[in-house]
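Asks: Have a look at this one before I ask anything.
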Amino acid sequence: MTGNTCSSAEGQIILTGFEPYLDNPVNSSQIMANQFRDGAVHGHPVRTVVLEASYRQCREFAGNLAGAGGIAAVVMLGLRPSAELIELERIAVNIEDSPCPDAGGVVADNRIIQPGGPDGIFSSLPLQTFRTVLNRAGIPCRISNSAGTYVCNSLFYRVLERMMEIPCGFIHLPPLSDSWSRERLTEAVDAILGCLFPVNIDSRTG
């Protein structure tokens, strides 16, 4: 694990990924969640969860998470098949809208996630720090202003809405390829987890 300077935040880190979905037989976020299972970062145990790519499971997971204690941070991972670099998502939007069915066959058509909820919620992860650390390691990344309106955004919004008091956010990974091996993705996620709690930094990036 990395040796970045961290604060004394207490509790476990929740790291999520998704199962394969649609025409993607391998999901790099699932591979990374499994890679860090039973791990620890600077004394924080890492609890990994791999979710079905469905709106229902996103809703249920977020609801269960809200009632859990002892959580220091939530880092959600997802696959963006078209991505060529790590995409650090800035904002979740209050809409589910995609012609693609989820894993349960549900097609969301302009559906509000939380009636009366804010139109958008900013990530509370230290995205600028992530970008700096990844760039220094030679890992291509960018801060993205759209997590889409499919299942990834649904999870992102639902969890952020319920866990706003702790570092929480979403990161899209590229698919496994010659450029993005399991080892390189592991290095990237390890670097991100290692600087979740930097000292003297404003984690809001809005």
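If you're wondering about the labels, chains in the structure tokens are A, B, ... by order shown, residues count from 1 in each chain, ligands from 1 in order shown.
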At a cut-off of 7 Å, using only C-alpha atoms, what residues contact Ala103 of chain A? Leave out same-chain residues fewer than 2 positions from it and give the result as a PyMOL selection string.

Replies: chain A and resi 21+52-54+101+105

Asks: Applying 7 Å and only C-alpha atoms, which residues near segment 122-135 of chain A remain after dropping the ones on its own chain fewer than 2 positions away? List them as a count of residues only.

Replies: 22

Asks: List every residue of segment 88-175 of chain A that DSSP, applied to the backbone, labels as alpha helix (DSSP H), and write the result as JSON, numbers by chain.

Replies: {"A": [127, 128, 129, 130, 131, 132, 133, 134, 135, 136, 151, 152, 153, 154, 155, 156, 157, 158, 159, 160, 161, 162]}

Asks: Measure the distance from atom CA of Val189 of chain A to atom CA of Gly104 of chain A in Å and round it to one decimal.

Replies: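 Straight-line distance from atom CA of Val189 of chain A to atom CA of Gly104 of chain A works out to 28.5 Å.
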
Asks: Would you mind reading off the distance between atom CA of Met164 of chain A and atom CA of Ala72 of chain A, one decimal, in Å?

Replies: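 If I compute the distance from atom CA of Met164 of chain A to atom CA of Ala72 of chain A, I get 11.4 Å.
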
Asks: What are the DSSP strand (DSSP E) residues of segment 4-81 of chain A, as a PDB file with C-alpha atoms, in the first residue's frame?

Replies:
ATOM      1  CA  GLN A  12     -13.445   1.209   7.494  1.00  0.00           C
ATOM      2  CA  ILE A  13     -13.200   2.127   3.831  1.00  0.00           C
ATOM      3  CA  ILE A  14     -16.020   0.793   1.664  1.00  0.00           C
ATOM      4  CA  LEU A  15     -14.856  -0.030  -1.873  1.00  0.00           C
ATOM      5  CA  THR A  16     -17.494  -1.034  -4.405  1.00  0.00           C
ATOM      6  CA  GLY A  17     -17.437  -2.456  -7.910  1.00  0.00           C
ATOM      7  CA  PHE A  18     -19.980  -3.818 -10.364  1.00  0.00           C
ATOM      8  CA  ALA A  40      -6.122  -2.298   4.756  1.00  0.00           C
ATOM      9  CA  VAL A  41      -4.951   1.243   4.020  1.00  0.00           C
ATOM     10  CA  HIS A  44      -8.288   1.378   7.834  1.00  0.00           C
ATOM     11  CA  PRO A  45      -9.743  -2.025   6.945  1.00  0.00           C
ATOM     12  CA  VAL A  46     -11.129  -2.150   3.407  1.00  0.00           C
ATOM     13  CA  ARG A  47     -14.534  -3.798   2.959  1.00  0.00           C
ATOM     14  CA  THR A  48     -15.326  -4.561  -0.652  1.00  0.00           C
ATOM     15  CA  VAL A  49     -18.753  -5.032  -2.182  1.00  0.00           C
ATOM     16  CA  VAL A  50     -19.507  -6.116  -5.756  1.00  0.00           C
ATOM     17  CA  LEU A  51     -22.970  -5.061  -6.884  1.00  0.00           C
ATOM     18  CA  ILE A  71     -17.408   3.996   7.950  1.00  0.00           C
ATOM     19  CA  ALA A  72     -14.553   6.412   7.214  1.00  0.00           C
ATOM     20  CA  ALA A  73     -15.009   6.723   3.435  1.00  0.00           C
ATOM     21  CA  VAL A  74     -16.846   5.246   0.461  1.00  0.00           C
ATOM     22  CA  VAL A  75     -15.077   4.826  -2.878  1.00  0.00           C
ATOM     23  CA  MET A  76     -17.291   3.549  -5.684  1.00  0.00           C
ATOM     24  CA  LEU A  77     -15.718   2.114  -8.826  1.00  0.00           C
ATOM     25  CA  GLY A  78     -17.336   1.485 -12.175  1.00  0.00           C
ATOM     26  CA  LEU A  79     -16.384   0.539 -15.702  1.00  0.00           C
TER      27      LEU A  79
END

Asks: Quick one: of A:Pro174, A:Gln35, A:Gly116, A:Ile166, who's nearest to Glu10 of chain A, counting only C-alpha atoms?

Replies: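 Smallest separation from Glu10 of chain A among the options: A:Ile166.
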
Asks: When you count only C-alpha atoms, which of these residues is closest to Phe170 of chain A: A:Asn64, A:Ser98, A:Asn24, A:Ser29?

Replies: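 Closest residue, counting only C-alpha atoms: A:Ser29.
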
Asks: Kindly give the distance, in Å, that separates atom CA of Tyr157 of chain A and atom CA of Cys100 of chain A, rounded to a single decimal.

Replies: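 Distance reported for this atom pair: 18.8 Å.
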
Asks: For Gln57 of chain A, which residue among A:Leu193, A:Val151, A:Leu185, A:Ile171 is the nearest when counting only C-alpha atoms?

Replies: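 Answer, going by the shortest atom-to-atom distance: A:Val151.
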
Asks: Write out as a list in words which residues come within 12 Å of Ser177 of chain A when counting only C-alpha atoms, dropping same-chain ones fewer than 3 positions away.

Replies: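 Once the adjacent positions are removed, what remains is Val26, Asn27, Ser28, Pro81, Ser82, Ala83, Glu84, Leu85, Leu173, Pro174, Trp180, Ser181, Arg182, Glu183, Arg184 and Leu185 of chain A.
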
Asks: Counting only C-alpha atoms, figure out which residue out of A:Asp190, A:Asp38, A:Asp119, A:Glu87 gets nearest to Pro175 of chain A.

Replies: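 Looking at the shortest contact to Pro175 of chain A, the residue is A:Glu87.
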